[in-house]
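J.: Quick one: this structure, given as structure tokens, is what I'll be asking you about.
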Amino acid sequence: MSFSASQGSEEIVSDILLGGSLCCLVLTLAAILPNKRSLKMKSTQVNLMLVVALILSIVCFFLMDRYVEAENNVDDDSITDESEDETNTTSLHHEANSSCYTIAFLLNYFWLCQLSWMIIEAVTMYLALVRVFGTYIRKALLKYSLVGWGVPIIFPLIGVAWGGKDFADPSTCFVKKKYGLVTFYAPVVFGIIGNWTMFIFIARVILDSHRTRVQRKEESEIILRTRQLRSALAVATLLGLGWIVGVFLVLNNDNYTSVSGVLRWLFILLNAPQGIFLFVFFALRKPDVRKYWSELFTQRSTITSSILVS
């Protein structure tokens with residue numbers, strides 16, 4: 001899941017982790033959607049939007065990866081006479097075709113949607129933790145959706161108006177860097193700063209809360225550290241702090257050096273499994289989801305047992 005063509009083993013690991021994430025995200029939807037009581041909760045609704053944004057991002061990335069691979073194979077097969085095909089090959093890679101252009105636009109949009117919903121997730125988490133008086137938001141999901149799905153579309157539209165089909169890089173089917181600095185990288189940097197800010201506030205609230213419990217002798221020091229670690233991991237995953245590595249990756253993305261290689265691996269390992277982590281936090285470890293499925297299986301087992309006895 002990098003900003004340019006993957007390098008060998010990186011592509012394999014990235015595809016495996018992203019495939020696992022996609023499956024886990026679908027399972028997350030399957031675990032949450034039947035629970036009508038949970039669907040009424042604002043936090044659950046935001047969770048679902050983040051899951052959907054991640055699914056769309058991963059699907060678009062796979063489309064981009066497969067399309068670029070297919071185009072490269074076609075180019076290799078079509079070049080039989082270098083002297084005759086040199087002009088055609090140059091023109092082929094000078095401007096992206098409509099499919100590549102569309103994929104670049106959607107990738108730009110859905111990746112920003114993903115980051116936008118991460119910020120919204122952070123805001124709702126912060127409001128829930130600090131319990132600020134007067135933080136009730138009327139028609140919250142509608143307003144969140146306008147931000148989460150509406151604001152990100154502005155940036156790729158700027159790129160399209162600015163560069164037309166030159167907006168997309170035909171070799172990667174992603175935004176060319178000169179346009180991406182405005183339509184993608186700048187919003188990502190501001191989003192990362194916002195996420196870091198919310199993360200600091202949330203971490204502070206969590207630490208203060210745990211310290212208070214220890215002072216009341218409600219928890220041991222070991223349990224405190226365990227819960228702090230778990231909370232920090234959950235928050236860091238939800239807010240997508242691995243995107244910070246992506247910013248440094250962009251700065252060193254032109255040449256494949258040992259530094260960029262490390263950054264690519266960090267970016268893949270921090271971001272590609274995010275769907276797996278969300279499945280754990282939103283489905284496996286969420287009390288209302290576990291309670292719903294536990295009660296459902298208990299009821300079915302009871303009915304089955306009664307039928308067998310009768």
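All residue names refer to the structure tokens as shown: chains lettered A, B, ... in order, residues numbered from 1 in each chain, ligands numbered from 1 in order.
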Near Gly8 (chain A), within 12 Å and counting only C-alpha atoms, which residues show up once chain neighbours fewer than 6 positions away are dropped, as a PyMOL selection string?

T.: chain A and resi 14-15+261+264-265

J.: Suppose we keep N, CA, C and O atoms; can you now write the selection as a CSV table (one decimal), in the first residue's frame?

T.:
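What landed in again.csv:
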chain,number,residue,atom,x,y,z
A,14,SER,N,1.9,-6.9,1.3
A,14,SER,CA,0.9,-5.9,1.2
A,14,SER,C,-0.5,-6.5,0.8
A,14,SER,O,-1.5,-6.2,1.4
A,15,ASP,N,-0.4,-7.3,-0.3
A,15,ASP,CA,-1.7,-7.9,-0.8
A,15,ASP,C,-2.3,-8.9,0.2
A,15,ASP,O,-3.5,-8.9,0.4
A,261,GLY,N,13.1,1.8,1.7
A,261,GLY,CA,12.7,0.5,1.9
A,261,GLY,C,12.2,0.2,3.3
A,261,GLY,O,11.1,-0.4,3.5
A,264,ARG,N,8.8,2.0,3.5
A,264,ARG,CA,7.7,1.2,2.9
A,264,ARG,C,7.2,0.1,3.7
A,264,ARG,O,6.0,-0.1,3.9
A,265,TRP,N,8.2,-0.6,4.3
A,265,TRP,CA,7.8,-1.7,5.2
A,265,TRP,C,7.0,-1.3,6.4
A,265,TRP,O,6.0,-1.9,6.8

J.: Tell me which protein, DNA and RNA residues are within 12 Å of Val26 (chain A), counting only C-alpha atoms, leaving out same-chain ones fewer than 5 positions away, and put them as a list in words.

T.: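 My list of contacting residues is Gly19, Gly20, Ser21, Ala31, Ile32, Leu33, Leu48, Val51, Val52, Ala53, Leu54, Ile55, Leu56, Ile58, Val59, Gly275, Ile276, Leu278, Phe279, Phe282 and Ala283 of chain A.
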
J.: My list of candidates is A:Leu107, A:Val262, A:Val46, A:Val289. Which is closest to Lys143 (chain A) when distances are computed with only C-alpha atoms?

T.: A:Val46

J.: I need the residue nearest Asp288 (chain A) from this list: A:Leu146, A:Ile202, A:Met41, A:Leu18. Use only C-alpha atoms for the distance.

T.: A:Met41

J.: Pick out the residues sitting within 12 Å of Gln114 (chain A), and hand them over as a PyMOL selection string; count only C-alpha atoms, and ignore anything fewer than 5 positions along from it in its own chain.

T.: chain A and resi 46-58+106-109+119-121+145+147-149+151-153+187-188+191-192+238-240+243+271+274-275

J.: Might you pull out every residue within 7 Å of Leu17 (chain A), with only C-alpha atoms counted and same-chain residues fewer than 4 positions away left off, and present them as a VMD selection string?

T.: chain A and resid 13 21 272 to 273

J.: With a distance cut-off of 12 Å and only C-alpha atoms, select the neighbouring residues of Arg290 (chain A), excluding the residue or stretch itself and same-chain residues fewer than 4 positions from it, and output the selection as a VMD selection string.

T.: chain A and resid 28 31 to 32 35 38 280 to 286 294 to 298

J.: Emit the selected residues as an mmCIF file, in the first residue's frame, including C-alpha atoms.

T.:
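Produced file again_30.cif, reproduced below:
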data_model
loop_
_atom_site.group_PDB
_atom_site.id
_atom_site.type_symbol
_atom_site.label_atom_id
_atom_site.label_comp_id
_atom_site.auth_asym_id
_atom_site.auth_seq_id
_atom_site.Cartn_x
_atom_site.Cartn_y
_atom_site.Cartn_z
ATOM 1 C CA THR A 28 -17.124 -6.478 11.019
ATOM 2 C CA ALA A 31 -21.162 -8.634 13.116
ATOM 3 C CA ILE A 32 -22.558 -5.137 13.689
ATOM 4 C CA ASN A 35 -27.618 -5.589 16.080
ATOM 5 C CA SER A 38 -26.186 -1.031 18.690
ATOM 6 C CA VAL A 280 -10.847 -6.957 16.838
ATOM 7 C CA PHE A 281 -11.806 -3.614 18.402
ATOM 8 C CA PHE A 282 -15.227 -3.099 16.752
ATOM 9 C CA ALA A 283 -16.460 -6.701 16.822
ATOM 10 C CA LEU A 284 -14.504 -9.162 18.950
ATOM 11 C CA ARG A 285 -13.783 -6.864 21.885
ATOM 12 C CA LYS A 286 -16.834 -4.587 21.822
ATOM 13 C CA SER A 294 -23.809 -14.460 22.821
ATOM 14 C CA GLU A 295 -27.520 -14.000 23.485
ATOM 15 C CA LEU A 296 -28.370 -14.990 19.915
ATOM 16 C CA PHE A 297 -26.376 -18.222 20.072
ATOM 17 C CA THR A 298 -27.752 -18.978 23.537
#

J.: Quick one: pull the distance between CA of Tyr179 (chain A) and CA of Glu10 (chain A), Å, one decimal.

T.: 26.1 Å

J.: Would you please work out which residue, of A:Arg204, A:Gln299, A:Gly159, A:Met118, is nearest to Lys177 (chain A) when using only C-alpha atoms?

T.: A:Gly159

J.: Applying 7 Å and only C-alpha atoms, which residues near region 65-71 of chain A remain after dropping the ones on its own chain fewer than 6 positions away? List them as a PyMOL selection string.

T.: chain A and resi 171-173

J.: Write the residues of the selection above to a file with C-alpha atoms, as a PDB file, in the first residue's frame.

T.:
ATOM      1  CA  SER A 171       2.693   4.493 -14.563  1.00  0.00           C
ATOM      2  CA  THR A 172       0.959   4.180 -11.157  1.00  0.00           C
ATOM      3  CA  CYS A 173      -2.664   5.298 -11.743  1.00  0.00           C
TER       4      CYS A 173
END
